[in-house]
Structures are given as structure tokens and as C-alpha cells.
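**Q** Provided below: model10.cif, containing mmCIF, C-alpha atoms.
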```
data_model
#
loop_
_atom_site.label_atom_id
_atom_site.label_comp_id
_atom_site.auth_asym_id
_atom_site.auth_seq_id
_atom_site.Cartn_x
_atom_site.Cartn_y
_atom_site.Cartn_z
CA MET A 10 -14.31 -31.33 -6.66
CA GLU A 11 -12.82 -28.74 -8.98
CA ILE A 12 -10.77 -25.99 -7.38
CA LYS A 13 -9.22 -23.04 -9.18
CA VAL A 14 -6.78 -20.56 -7.73
CA LEU A 15 -6.94 -17.29 -9.68
CA GLY A 16 -3.90 -15.05 -9.70
CA PRO A 17 -1.15 -13.83 -11.99
CA GLY A 18 1.55 -15.16 -9.70
CA CYS A 19 2.35 -12.82 -6.87
CA ALA A 20 3.22 -13.83 -3.32
CA ASN A 21 -0.42 -13.84 -2.16
CA CYS A 22 -1.52 -16.11 -4.99
CA LYS A 23 1.22 -18.62 -4.22
CA LYS A 24 0.30 -18.56 -0.55
CA LEU A 25 -3.32 -19.28 -1.41
CA GLU A 26 -2.33 -22.15 -3.65
CA ALA A 27 -0.18 -23.65 -0.90
CA ASN A 28 -3.03 -23.27 1.63
CA VAL A 29 -5.45 -24.97 -0.76
CA PHE A 30 -3.12 -27.95 -1.19
CA GLU A 31 -2.72 -28.18 2.57
CA ALA A 32 -6.49 -28.00 3.17
CA VAL A 33 -7.21 -30.64 0.54
CA SER A 34 -4.63 -33.02 1.93
CA GLN A 35 -5.90 -32.51 5.48
CA LEU A 36 -9.47 -33.20 4.41
CA ASP A 37 -8.28 -36.08 2.26
CA VAL A 38 -10.76 -35.31 -0.53
CA ASP A 39 -10.48 -35.90 -4.23
CA ALA A 40 -9.86 -32.54 -5.84
CA ASP A 41 -8.57 -31.19 -9.12
CA ILE A 42 -6.58 -28.06 -8.27
CA GLN A 43 -5.69 -25.64 -11.03
CA LYS A 44 -3.73 -22.41 -10.95
CA ILE A 45 -5.16 -19.88 -13.40
CA GLU A 46 -2.68 -17.21 -14.46
CA ASP A 47 -4.27 -16.03 -17.71
CA ILE A 48 -5.76 -12.59 -17.15
CA GLN A 49 -8.64 -13.17 -19.61
CA GLU A 50 -9.70 -16.28 -17.76
CA ILE A 51 -9.28 -14.63 -14.36
CA MET A 52 -11.51 -11.78 -15.48
CA SER A 53 -14.15 -14.21 -16.72
CA TYR A 54 -14.93 -14.86 -13.05
CA GLY A 55 -15.63 -11.20 -12.51
CA ILE A 56 -13.26 -10.75 -9.59
CA LEU A 57 -11.64 -7.37 -8.98
CA SER A 58 -8.81 -8.29 -6.72
CA THR A 59 -6.58 -11.30 -6.69
CA PRO A 60 -6.07 -13.89 -5.42
CA GLY A 61 -9.36 -15.64 -6.04
CA LEU A 62 -10.58 -19.04 -4.97
CA VAL A 63 -13.13 -20.81 -7.17
CA VAL A 64 -14.77 -24.04 -6.09
CA ASN A 65 -16.92 -25.90 -8.61
CA GLY A 66 -17.28 -22.77 -10.73
CA LYS A 67 -18.28 -20.46 -7.89
CA VAL A 68 -16.06 -17.67 -6.57
CA LYS A 69 -15.72 -18.26 -2.85
CA VAL A 70 -13.03 -15.77 -1.91
CA SER A 71 -11.37 -12.85 -3.65
CA GLY A 72 -8.85 -10.26 -2.59
CA LYS A 73 -7.51 -12.05 0.44
CA VAL A 74 -5.67 -15.19 1.42
CA PRO A 75 -7.91 -17.41 3.54
CA SER A 76 -6.26 -19.63 6.15
CA VAL A 77 -6.11 -23.41 5.81
CA ALA A 78 -8.93 -23.70 8.36
CA GLU A 79 -11.11 -21.28 6.42
CA ILE A 80 -10.50 -23.13 3.18
CA LYS A 81 -11.41 -26.40 4.87
CA ALA A 82 -14.67 -24.84 6.06
CA ILE A 83 -15.39 -23.63 2.50
CA LEU A 84 -14.63 -27.04 0.96
CA GLU A 85 -16.78 -28.86 3.46
CA GLY A 86 -19.59 -26.45 2.55
CA MET B 14 5.53 7.82 29.71
CA TRP B 15 7.20 5.82 26.93
CA GLN B 16 10.34 7.88 27.19
CA GLU B 17 10.68 7.34 30.96
CA ALA B 18 10.24 3.59 30.58
CA VAL B 19 12.83 3.42 27.82
CA ASP B 20 15.21 5.67 29.77
CA TRP B 21 14.93 3.36 32.75
CA LEU B 22 15.56 0.32 30.55
CA THR B 23 18.65 1.69 28.81
CA TYR B 24 20.30 3.72 31.56
CA THR B 25 19.31 1.90 34.73
CA LEU B 26 18.74 -1.71 33.70
CA LEU B 27 21.38 -1.95 30.97
CA GLY B 28 23.61 0.48 32.84
CA LEU B 29 24.57 2.52 29.78
CA ASP B 30 26.07 5.95 30.23
CA LYS B 31 23.41 8.60 29.71
CA GLY B 32 25.70 11.04 27.95
CA SER B 33 27.40 8.48 25.70
CA LEU B 34 26.79 8.10 21.97
CA LEU B 35 26.09 4.38 22.31
CA GLY B 36 23.62 4.91 25.16
CA GLY B 37 21.80 7.60 23.18
CA ALA B 38 21.64 5.45 20.05
CA ILE B 39 20.28 2.40 21.89
CA ASN B 40 17.76 4.51 23.76
CA PHE B 41 16.59 6.04 20.46
CA PHE B 42 16.33 2.59 18.89
CA ILE B 43 14.22 0.97 21.62
CA TYR B 44 11.98 4.00 22.04
CA ASP B 45 11.19 4.19 18.32
CA MET B 46 10.64 0.45 17.91
CA VAL B 47 8.08 0.32 20.72
CA LYS B 48 6.22 3.41 19.60
CA ILE B 49 6.21 2.50 15.91
CA ILE B 50 5.04 -1.07 16.38
CA PHE B 51 2.23 0.07 18.66
CA LEU B 52 0.90 2.81 16.36
CA LEU B 53 1.46 0.79 13.21
CA THR B 54 -0.58 -2.08 14.59
CA LEU B 55 -3.34 0.33 15.56
CA VAL B 56 -3.50 2.03 12.14
CA ILE B 57 -3.29 -1.16 10.06
CA TYR B 58 -5.93 -2.88 12.16
CA GLY B 59 -8.26 0.13 12.04
CA ILE B 60 -8.00 0.43 8.27
CA ALA B 61 -8.48 -3.32 7.81
CA ILE B 62 -11.74 -3.08 9.78
CA ILE B 63 -12.98 -0.12 7.70
CA ARG B 64 -12.01 -1.98 4.54
CA SER B 65 -14.06 -5.03 5.47
CA PHE B 66 -17.14 -2.85 4.98
CA ILE B 67 -16.12 -1.58 1.54
CA PRO B 68 -15.02 -4.38 -0.80
CA ALA B 69 -13.71 -3.55 -4.27
CA ASP B 70 -16.90 -4.50 -6.10
CA LYS B 71 -18.89 -2.08 -3.95
CA VAL B 72 -16.36 0.64 -4.80
CA ARG B 73 -16.76 -0.12 -8.47
CA ALA B 74 -20.55 0.00 -8.30
CA ILE B 75 -20.42 3.40 -6.59
CA LEU B 76 -17.78 4.86 -8.93
CA SER B 77 -19.51 3.79 -12.13
CA SER B 78 -22.65 5.66 -11.16
CA LYS B 79 -21.05 9.01 -10.24
CA ASN B 80 -20.07 11.92 -12.47
CA GLU B 81 -16.42 12.55 -13.14
CA TYR B 82 -15.43 15.08 -10.48
CA VAL B 83 -17.36 13.51 -7.62
CA GLY B 84 -15.96 10.22 -8.88
CA ASN B 85 -12.36 11.48 -8.70
CA VAL B 86 -12.80 12.55 -5.10
CA LEU B 87 -14.50 9.31 -4.04
CA ALA B 88 -11.95 7.23 -5.94
CA GLY B 89 -9.14 8.99 -4.08
CA LEU B 90 -10.83 8.35 -0.74
CA PHE B 91 -11.41 4.68 -1.54
CA GLY B 92 -7.81 4.44 -2.64
CA ILE B 93 -6.64 5.40 0.84
CA ILE B 94 -8.15 2.38 2.50
CA THR B 95 -7.34 -0.07 -0.28
CA PRO B 96 -4.00 -1.80 0.03
CA PHE B 97 -2.15 -1.91 -3.23
CA CYS B 98 -0.92 -5.27 -4.36
CA SER B 99 0.85 -4.68 -7.64
CA CYS B 100 -0.53 -7.89 -9.14
CA SER B 101 -4.08 -6.90 -8.23
CA ALA B 102 -3.75 -3.68 -10.22
CA VAL B 103 -4.48 -5.30 -13.58
CA PRO B 104 -7.75 -7.09 -12.72
CA LEU B 105 -8.84 -3.99 -10.85
CA PHE B 106 -8.08 -1.72 -13.79
CA ILE B 107 -9.89 -3.96 -16.28
CA GLY B 108 -12.82 -4.42 -13.93
CA PHE B 109 -13.21 -0.68 -13.41
CA VAL B 110 -12.90 0.29 -17.08
CA GLU B 111 -15.25 -2.48 -18.12
CA ALA B 112 -17.90 -1.37 -15.64
CA GLY B 113 -17.87 2.11 -17.18
CA VAL B 114 -15.82 3.87 -14.51
CA PRO B 115 -14.24 6.82 -16.41
CA LEU B 116 -10.51 6.49 -17.12
CA GLY B 117 -9.62 9.57 -15.06
CA VAL B 118 -11.57 8.27 -12.05
CA THR B 119 -9.86 4.90 -12.35
CA PHE B 120 -6.52 6.72 -12.29
CA SER B 121 -7.43 8.70 -9.18
CA PHE B 122 -7.90 5.33 -7.52
CA LEU B 123 -4.68 3.92 -8.99
CA VAL B 124 -2.69 6.88 -7.70
CA ALA B 125 -4.20 7.07 -4.22
CA SER B 126 -4.06 3.37 -3.50
CA PRO B 127 -0.27 2.88 -3.49
CA MET B 128 0.63 6.41 -2.47
CA ILE B 129 -1.41 6.69 0.69
CA ASN B 130 -0.78 3.42 2.39
CA GLU B 131 -1.41 2.43 5.95
CA ILE B 132 2.23 1.60 6.64
CA ALA B 133 3.39 5.07 5.68
CA LEU B 134 0.51 6.58 7.61
CA GLY B 135 1.31 4.62 10.78
CA LEU B 136 5.00 5.42 10.54
CA LEU B 137 4.48 9.12 9.95
CA TRP B 138 2.07 9.32 12.84
CA SER B 139 4.47 7.62 15.22
CA LEU B 140 7.52 9.56 14.08
CA PHE B 141 6.24 13.05 13.30
CA GLY B 142 2.83 13.28 14.97
CA TRP B 143 -0.71 13.16 13.66
CA LYS B 144 -0.57 16.58 11.99
CA ILE B 145 2.14 15.58 9.54
CA ALA B 146 0.33 12.26 8.99
CA LEU B 147 -2.88 14.12 8.13
CA ILE B 148 -1.05 16.50 5.81
CA TYR B 149 0.49 13.49 4.10
CA VAL B 150 -2.95 11.96 3.52
CA GLY B 151 -4.40 15.29 2.43
CA SER B 152 -1.73 16.11 -0.12
CA GLY B 153 -1.72 12.54 -1.43
CA LEU B 154 -5.46 12.81 -1.90
CA VAL B 155 -5.16 16.12 -3.76
CA ILE B 156 -2.50 14.64 -6.04
CA ALA B 157 -4.69 11.62 -6.79
CA ILE B 158 -7.73 13.77 -7.55
CA VAL B 159 -5.86 16.30 -9.70
CA ALA B 160 -3.86 13.66 -11.60
CA GLY B 161 -7.08 11.76 -12.29
CA ILE B 162 -8.91 14.84 -13.52
CA ILE B 163 -6.00 15.80 -15.80
CA ILE B 164 -5.76 12.30 -17.27
CA GLY B 165 -9.55 12.22 -17.69
CA ARG B 166 -9.59 15.61 -19.45
CA LEU B 167 -6.84 14.58 -21.85
CA GLY B 168 -9.07 11.82 -23.25
CA LEU B 169 -6.40 9.17 -23.40
CA GLU B 170 -8.64 6.13 -23.85
CA ARG B 171 -6.83 5.31 -27.10
CA TRP B 172 -3.67 4.64 -25.10
CA VAL B 173 -5.25 1.84 -23.13
CA GLU B 174 -4.37 -1.55 -24.62
CA GLU B 175 -7.21 -2.63 -26.93
CA PHE B 176 -7.69 -6.02 -25.30
CA VAL B 177 -8.91 -4.31 -22.13
CA TYR B 178 -12.06 -3.19 -23.95
CA GLN B 179 -12.57 -6.59 -25.55
CA ILE B 180 -12.25 -8.67 -22.44
CA LYS B 181 -15.43 -10.26 -21.29
CA VAL B 182 -15.75 -9.76 -17.60
CA GLY B 183 -17.92 -12.43 -16.09
CA LYS B 184 -20.75 -11.71 -13.75
CA THR B 185 -19.36 -11.94 -10.28
CA ALA B 186 -20.29 -15.34 -9.04
CA THR B 187 -19.38 -14.57 -5.46
CA GLU B 188 -21.93 -15.87 -3.08
CA ALA B 189 -23.19 -13.24 -0.72
CA MET B 190 -21.64 -14.03 2.60
CA LYS B 191 -22.83 -12.58 5.86
CA ILE B 192 -19.80 -11.31 7.70
CA THR B 193 -20.01 -11.22 11.44
CA TRP B 194 -18.12 -8.75 13.60
CA LYS B 195 -16.11 -11.62 14.96
CA ALA B 196 -15.01 -12.64 11.45
CA ARG B 197 -14.22 -9.04 10.52
CA SER B 198 -12.10 -8.61 13.60
CA SER B 199 -10.22 -11.88 13.25
CA ASP B 200 -9.64 -11.25 9.53
CA ALA B 201 -8.33 -7.76 10.26
CA TRP B 202 -6.17 -9.05 13.09
CA GLY B 203 -4.68 -11.81 10.97
CA TYR B 204 -3.91 -9.30 8.22
CA THR B 205 -2.37 -6.85 10.69
CA ARG B 206 -0.21 -9.47 12.37
CA ALA B 207 1.13 -10.81 9.07
CA LEU B 208 1.88 -7.33 7.76
CA VAL B 209 3.53 -6.00 10.92
CA LYS B 210 5.62 -9.15 11.18
CA LYS B 211 6.73 -8.71 7.59
CA ILE B 212 7.82 -5.09 7.99
CA ILE B 213 9.41 -5.27 11.46
CA PRO B 214 12.83 -6.30 10.09
CA TYR B 215 12.80 -3.34 7.68
CA ILE B 216 11.84 -0.98 10.46
CA ALA B 217 14.51 -2.42 12.76
CA ILE B 218 17.17 -1.96 10.08
CA GLY B 219 15.83 1.49 9.24
CA ILE B 220 15.80 2.66 12.84
CA GLY B 221 19.16 1.02 13.42
CA ILE B 222 20.64 3.12 10.65
CA GLY B 223 18.58 6.05 11.87
CA ALA B 224 19.90 5.63 15.41
CA PHE B 225 23.41 5.50 14.04
CA ILE B 226 22.91 8.70 12.05
CA HIS B 227 21.22 10.23 15.07
CA GLY B 228 24.24 9.50 17.21
CA TYR B 229 27.10 9.93 14.80
CA ALA B 230 26.44 11.67 11.49
CA PRO B 231 27.72 15.23 11.29
CA GLU B 232 24.86 17.67 11.07
CA GLU B 233 26.43 20.18 8.72
CA LEU B 234 27.11 17.64 5.97
CA LEU B 235 23.51 16.51 5.53
CA SER B 236 21.89 19.86 5.89
CA ARG B 237 24.28 21.32 3.36
CA VAL B 238 23.48 18.62 0.75
CA ALA B 239 19.72 18.72 1.16
CA ALA B 240 19.27 22.32 2.19
CA ARG B 241 16.08 24.25 1.60
CA THR B 242 18.01 26.58 -0.65
CA ASN B 243 19.13 23.78 -2.95
CA PRO B 244 16.47 23.81 -5.72
CA LEU B 245 17.44 20.36 -6.98
CA ALA B 246 16.97 18.62 -3.62
CA VAL B 247 13.28 17.77 -4.12
CA PRO B 248 13.51 16.35 -7.69
CA THR B 249 16.61 14.42 -6.68
CA ALA B 250 14.80 12.93 -3.68
CA VAL B 251 11.94 11.86 -6.00
CA LEU B 252 14.34 10.24 -8.49
CA ILE B 253 16.12 8.33 -5.74
CA GLY B 254 12.75 7.13 -4.45
CA ILE B 255 11.62 5.44 -7.69
CA PRO B 256 13.72 2.25 -7.48
CA LEU B 257 13.21 1.90 -3.71
CA TYR B 258 9.68 0.49 -3.81
CA SER B 259 10.15 -2.69 -1.83
CA ASN B 260 11.86 -0.91 1.01
CA ALA B 261 9.11 1.62 1.72
CA ALA B 262 8.84 0.61 5.37
CA GLY B 263 12.56 0.66 5.94
CA THR B 264 13.30 3.97 4.29
CA ILE B 265 10.94 6.04 6.41
CA PRO B 266 12.84 5.72 9.70
CA ILE B 267 15.95 6.77 7.81
CA VAL B 268 14.00 9.78 6.63
CA THR B 269 13.20 10.57 10.28
CA ALA B 270 16.81 10.77 11.21
CA LEU B 271 17.50 12.89 8.15
CA VAL B 272 14.74 15.31 9.12
CA GLY B 273 16.21 15.38 12.62
CA LYS B 274 19.49 16.39 11.07
CA GLY B 275 18.08 19.29 9.12
CA VAL B 276 16.71 17.89 5.83
CA PRO B 277 13.49 19.88 5.19
CA MET B 278 10.19 18.06 5.69
CA GLY B 279 8.98 18.67 2.11
CA THR B 280 12.05 17.01 0.63
CA ALA B 281 11.62 14.06 3.00
CA LEU B 282 7.90 13.70 2.23
CA ALA B 283 8.53 13.90 -1.53
CA PHE B 284 11.04 11.09 -1.13
CA MET B 285 8.52 8.97 0.76
CA MET B 286 5.71 9.58 -1.70
CA SER B 287 8.00 8.70 -4.57
CA VAL B 288 9.03 5.46 -2.87
CA THR B 289 5.42 4.40 -2.39
CA ALA B 290 3.67 5.78 -5.50
CA LEU B 291 6.26 5.50 -8.27
CA SER B 292 7.78 2.09 -8.55
CA LEU B 293 9.37 0.01 -11.25
CA PRO B 294 7.45 -3.22 -10.49
CA GLU B 295 4.18 -1.29 -10.66
CA MET B 296 5.25 0.19 -13.99
CA VAL B 297 5.96 -3.27 -15.40
CA ILE B 298 2.58 -4.59 -14.24
CA LEU B 299 0.60 -1.63 -15.54
CA ARG B 300 2.36 -1.87 -18.91
CA LYS B 301 0.16 -4.93 -19.53
CA VAL B 302 -2.94 -2.74 -19.78
CA LEU B 303 -1.54 0.69 -20.65
CA LYS B 304 0.38 1.71 -23.73
CA LYS B 305 3.77 3.35 -23.18
CA GLN B 306 2.41 6.85 -23.76
CA LEU B 307 -0.28 6.56 -21.08
CA LEU B 308 2.15 4.97 -18.66
CA ALA B 309 4.48 7.93 -19.22
CA VAL B 310 1.63 10.42 -18.69
CA PHE B 311 0.63 8.58 -15.50
CA PHE B 312 4.11 8.52 -13.99
CA GLY B 313 4.91 12.00 -15.26
CA THR B 314 1.78 13.55 -13.75
CA VAL B 315 2.26 11.86 -10.40
CA GLY B 316 5.98 12.64 -10.35
CA ILE B 317 5.42 16.34 -11.06
CA ALA B 318 2.63 16.49 -8.48
CA ILE B 319 4.94 14.98 -5.85
CA ILE B 320 7.75 17.41 -6.65
CA PHE B 321 5.27 20.26 -6.43
CA THR B 322 4.07 19.02 -3.02
CA GLY B 323 7.66 18.80 -1.82
CA TYR B 324 8.34 22.43 -2.76
CA LEU B 325 5.06 23.51 -1.21
CA PHE B 326 5.89 21.84 2.12
CA ASN B 327 9.34 23.35 2.17
CA LEU B 328 7.76 26.77 1.69
CA VAL B 329 5.02 26.28 4.30
CA ILE B 330 6.71 24.36 7.12
#
```
Please express what this file holds, its structure, as C-alpha cells.
**A**
Amino acid sequence: MEIKVLGPGCANCKKLEANVFEAVSQLDVDADIQKIEDIQEIMSYGILSTPGLVVNGKVKVSGKVPSVAEIKAILEG
Amino acid sequence: MWQEAVDWLTYTLLGLDKGSLLGGAINFFIYDMVKIIFLLTLVIYGIAIIRSFIPADKVRAILSSKNEYVGNVLAGLFGIITPFCSCSAVPLFIGFVEAGVPLGVTFSFLVASPMINEIALGLLWSLFGWKIALIYVGSGLVIAIVAGIIIGRLGLERWVEEFVYQIKVGKTATEAMKITWKARSSDAWGYTRALVKKIIPYIAIGIGIGAFIHGYAPEELLSRVAARTNPLAVPTAVLIGIPLYSNAAGTIPIVTALVGKGVPMGTALAFMMSVTALSLPEMVILRKVLKKQLLAVFFGTVGIAIIFTGYLFNLVI
């Protein structure tokens, strides 16, 4: 599973990244987690507000920080 | 009702002397804390619910299909309910410009979003009543609309960093998600709780200082410095407000006490607007997409509009 956290590095983006790590470790799945800070690349996903959560190339969340439980639900599909 | 309960708590339960400075200050502190937290929670939650119906991409779709003036007004209105995270400003700006939202309309949004925020709204409502809160929203909206129209008329597109126009914005790959009322409500509640928790310390410190001023500061001193007749009071208040961005929540209760001690409302409101709308971190972030000249026009226009509003309030109220 490929997970990207989109955000230039504000408090919300860091919180999302931390939540993603927590969710992945709780689910015990194999995931490649990347933090994308480059604005060009962030914009290539077409999101308007950060932070954004991208799973396998699809934007799942943007503009808010989902909880660990919500991220787990998203990852489990 | 609130006042009686707080009176009972401070004077009967804690046994403080009703006429004493300390008793008065503690009474003032508890009363304001209870009232502010209650109203603040109400306002933040309400706006979070409204916002769940109007996500940013919907705003963009609407704004890119409207003419300039209607667009300025709508952009200002949308800005009210959108919380401003300084790091979200850049993707939002690029996304708007790229979708063909006129520059002036984008600026109306950029001005309204940080200036009219739910924290300031909740605090003003709890401290000065709903009329002042409404006036605050109204004048903020007018500033956002006028500033946007001026910037749009000036045709300053050349002062936007070139890369903004070259960036390829991807098609939004967000999967359409059905949001239930339950999810809306729990999202809004989570947001409200986190935000209120974050600003409570600021408010406590602010009211603490406010209570102190309320009880101790000499009235003549303050009202002499910031008097209505002092023409420099409003611009000075705006200048002081610029570096105070992060303490927006904490400065407002201080403002309350100042108003109570005779500082005119317009001067106080100008200070608050400056704290929330003109900030150094925002300037640094926006510099990534705006050239210096446009940044200066943006801050200059908003600054002048705020000073103007301050004078206007001092004349009217």
C-alpha cells in the first residue's frame, strides 16, 4: 500500500502524518508512507486545502485531519 | 442567571468580600470564562456544521462561474465560514487562480477568511453582544469585497509569481463520499473540541489580565492614551496588531477590559482586525505565490480599510 501525506509542513500536516503512522502500526499492514512537501506535487493531486491523504494514488481526505480510527477505516477500504 | 450563579460562587461559597478588589476580579474572571467558553463552543460548532456543506472545491466551482462583482461578494461570504490555516493559503490560491477565478475575487476570499474568524466572532458575541459581533462581520465583509474589487481593477496579474500560472493542477481524484448527519456532527464536534481546548489557555490568560486591569488599572491613564480625540490611536492600534497573530484569542479579552476602561470601540475593533487579518506568518507564506509589490498592495489595502473602519466606528458609536 502506498500512502502519501500532502502538506507543506504546518501543525495539521504533522498531526496527520503521526495519525497515519499510528493507524498503519495498529493495522499492522505493509505500507510505504511518504510526506509530500513540494507544492507542485501537492497541486498535482488537485486538492485545495491541506493536509491531504492519498492512498494508492487516490485522494481520500483533504482539508482536515482524520482521526486514527477514521484512517484505519479508510485503509481497510 | 449567569451573574447570580457566579456571584453565589465567589461571594457565598468562596466567601470573598463583595466590595473588595480581589473578589471583584475573581468574580469577573469566572463569569467571563463560563460565558465565553459556552458561546465560543456554540459558534465554532455551528460554523463547522455549515462548512461541512460547502467544501473548498465547491466554492471554487461557484466562484469561477460568476462575474467579478457577484464573485467578490460571494467570495467574502465563503471566506467567513472558511477557517484560515496559513499553510493552506498557497494551495488554495493556486487552485483558485488556475480554475479561472479572477484575481480580485480570490483576494476577497483571502481577506475575509482570516479576518472574520469564528473565534473572534464567538468572543465578540460573548463580550460585547450580538450587535457588535454582527457589525464586526459586516465591516469585515465590506473590507474584503472592496479590497478585492480594488485589486481586481488594478490588473495586477503580472505581480503573481509566474510559476502559479504554469503549475499543472491535477484533476481532483477525491472519491465522492456520502456524508451522513452523524458524521457531520461528530466531525464538527471533534473540530470544536480541539479548537476550544487549544484557545482556552489564551483566553484564561487574557481574561486574567483583563480582570486585573478591570480591578486595578487607573481609568484616566488608559482613556487619555487611547482617547477618541487622539487621531493616531487607530493607526497605532493597527500597527501593534500586526505581529500579534498567534495570540488572537488571548488579545480580545484584554481588549474588553480596555473598552471597559474607556478605549473607544473603533480603536479596539481595528486592533482586533489587524491581529487576525494582517500577520507576519501569513505574509511569509503568501510571498511564495505573490511578488513583493502585490503583497504590499494586499497588506496596504487591507490595512487602510481597517484603519478607515476604526475611525468610522469611533464616529458612529
**Q** Restrict the calculation to all atoms listed in the file, then for each residue of chain A with any atom at most 12 Å from an atom of chain B give the closest atom pair and their distance in Å to one decimal, rows by chain and rising residue number, as CSV.
**A**
```
residue,atom,partner,partner_atom,distance
A:Leu15,CA,B:Pro104,CA,10.7
A:Gly16,CA,B:Cys100,CA,7.9
A:Pro17,CA,B:Cys100,CA,6.6
A:Gly18,CA,B:Cys100,CA,7.6
A:Cys19,CA,B:Cys100,CA,6.1
A:Ala20,CA,B:Cys100,CA,9.1
A:Asn21,CA,B:Cys98,CA,8.9
A:Cys22,CA,B:Cys100,CA,9.3
A:Lys23,CA,B:Cys100,CA,11.9
A:Glu46,CA,B:Cys100,CA,10.9
A:Asp47,CA,B:Pro104,CA,10.8
A:Ile48,CA,B:Pro104,CA,7.3
A:Gln49,CA,B:Ile180,CA,6.4
A:Glu50,CA,B:Val182,CA,8.9
A:Ile51,CA,B:Pro104,CA,7.9
A:Met52,CA,B:Val182,CA,5.2
A:Ser53,CA,B:Gly183,CA,4.2
A:Tyr54,CA,B:Gly183,CA,4.9
A:Gly55,CA,B:Thr185,CA,4.4
A:Ile56,CA,B:Thr185,CA,6.3
A:Leu57,CA,B:Leu105,CA,4.8
A:Ser58,CA,B:Ser101,CA,5.2
A:Thr59,CA,B:Ser101,CA,5.3
A:Pro60,CA,B:Ser101,CA,7.8
A:Gly61,CA,B:Thr187,CA,10.1
A:Leu62,CA,B:Thr187,CA,9.9
A:Val63,CA,B:Thr187,CA,9.0
A:Val64,CA,B:Thr187,CA,10.6
A:Asn65,CA,B:Ala186,CA,11.1
A:Gly66,CA,B:Ala186,CA,8.2
A:Lys67,CA,B:Ala186,CA,5.6
A:Val68,CA,B:Thr187,CA,4.7
A:Lys69,CA,B:Thr187,CA,5.8
A:Val70,CA,B:Thr187,CA,7.4
A:Ser71,CA,B:Thr187,CA,8.4
A:Gly72,CA,B:Ser101,CA,8.1
A:Lys73,CA,B:Tyr204,CA,9.0
A:Val74,CA,B:Tyr204,CA,9.2
A:Pro75,CA,B:Asp200,CA,8.8
A:Ser76,CA,B:Gly203,CA,9.3
A:Glu79,CA,B:Asp200,CA,10.6
A:Ile83,CA,B:Met190,CA,11.5
```
**Q** Nearest to Glu26 (chain A) among A:Ile45, A:Val14, A:Ile80, A:Ala40, with distances taken over all atoms listed in the file: which residue is it?
**A**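 Checking each of A:Ile45, A:Val14, A:Ile80, A:Ala40 against Glu26 (chain A), counting all atoms listed in the file, the winner is A:Val14.
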**Q** Can you translate the PyMOL selection byres ((chain B and resi 124) around 9) into the concrete residues it hits in this file, as an MDAnalysis selection string?
**A** chainID B and resid 89 92 119:123 125:129 153:154 156:158 160:161 290 311 315
**Q** Atoms to include: C-alpha atoms. Write the selected residues as an mmCIF file, in the coordinates of the input.
**A**
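Written out: selection.cif:
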```
data_model
loop_
_atom_site.group_PDB
_atom_site.id
_atom_site.type_symbol
_atom_site.label_atom_id
_atom_site.label_comp_id
_atom_site.auth_asym_id
_atom_site.auth_seq_id
_atom_site.Cartn_x
_atom_site.Cartn_y
_atom_site.Cartn_z
ATOM 1 C CA GLY B 89 -9.140 8.990 -4.080
ATOM 2 C CA GLY B 92 -7.810 4.440 -2.640
ATOM 3 C CA THR B 119 -9.860 4.900 -12.350
ATOM 4 C CA PHE B 120 -6.520 6.720 -12.290
ATOM 5 C CA SER B 121 -7.430 8.700 -9.180
ATOM 6 C CA PHE B 122 -7.900 5.330 -7.520
ATOM 7 C CA LEU B 123 -4.680 3.920 -8.990
ATOM 8 C CA ALA B 125 -4.200 7.070 -4.220
ATOM 9 C CA SER B 126 -4.060 3.370 -3.500
ATOM 10 C CA PRO B 127 -0.270 2.880 -3.490
ATOM 11 C CA MET B 128 0.630 6.410 -2.470
ATOM 12 C CA ILE B 129 -1.410 6.690 0.690
ATOM 13 C CA GLY B 153 -1.720 12.540 -1.430
ATOM 14 C CA LEU B 154 -5.460 12.810 -1.900
ATOM 15 C CA ILE B 156 -2.500 14.640 -6.040
ATOM 16 C CA ALA B 157 -4.690 11.620 -6.790
ATOM 17 C CA ILE B 158 -7.730 13.770 -7.550
ATOM 18 C CA ALA B 160 -3.860 13.660 -11.600
ATOM 19 C CA GLY B 161 -7.080 11.760 -12.290
ATOM 20 C CA ALA B 290 3.670 5.780 -5.500
ATOM 21 C CA PHE B 311 0.630 8.580 -15.500
ATOM 22 C CA VAL B 315 2.260 11.860 -10.400
#
```
**Q** Can you work out the spacing between CA of Ser198 (chain B) and CA of Leu52 (chain B) in Å, to one decimal?
**A**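 That distance, rounded to one decimal, is 17.5 Å.
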**Q** Once the PyMOL selection byres ((chain B and resi 320-327) around 12) has been applied to the shown file, what residues remain in the selection, as a PyMOL selection string?
**A** chain B and resi 145+148-156+239-252+254+272+275-287+313-319+328-330
**Q** Taking all atoms listed in the file into account, name the residue in B:Ile132, B:Leu167, B:Ile253, B:Val159 that is nearest to Ile212 (chain B).
**A**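 Answer, going by the shortest atom-to-atom distance: B:Ile132.
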**Q** Show which residues sit within 9 Å of Met46 (chain B), as JSON, numbers by chain. Count all atoms listed in the file, and ignore same-chain residues fewer than 2 positions away.
**A** {"B": [41, 42, 43, 44, 48, 49, 50, 51, 213, 216, 217, 220]}
**Q** Near region 21-26 of chain B, within 9 Å and counting all atoms listed in the file, which residues show up once chain neighbours fewer than 5 positions away are dropped, as a ChimeraX atom specification?
**A** /B:16,31,36-37,39-40,43
**Q** On this file, the PyMOL selection byres ((chain B and resi 65) around 12) gives some set of residues; write that set as a PyMOL selection string.
**A** (chain A and resi 72-73) or (chain B and resi 58-64+66-72+94-96+191-202+204)
**Q** Point out the residue among B:Val110, B:Val47, B:Gly32, B:Leu134 with the least atom-to-atom distance to Val19 (chain B), counting all atoms listed in the file.
**A**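 Looking only at the distances to Val19 (chain B), the closest residue turns out to be B:Val47.
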**Q** Pick out the closest residue to Leu147 (chain B) from this set: B:Ile93, B:Val268, B:Gly165, B:Tyr215. Count all atoms listed in the file.
**A** B:Ile93
**Q** For Leu169 (chain B), list every protein, DNA or RNA residue within 8 Å, evaluated using only C-alpha atoms, and leave out those in the same chain fewer than 5 positions away; present the list as a compact mmCIF listing (two decimals) with C-alpha atoms, keeping the file's coordinate frame.
**A**
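Result file follows (result20.txt):
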```txt
# COMPACT_ATOMS: atom_id res chain seq x y z
CA LEU B 116 -10.51 6.49 -17.12
CA ILE B 164 -5.76 12.30 -17.27
CA LEU B 307 -0.28 6.56 -21.08
```
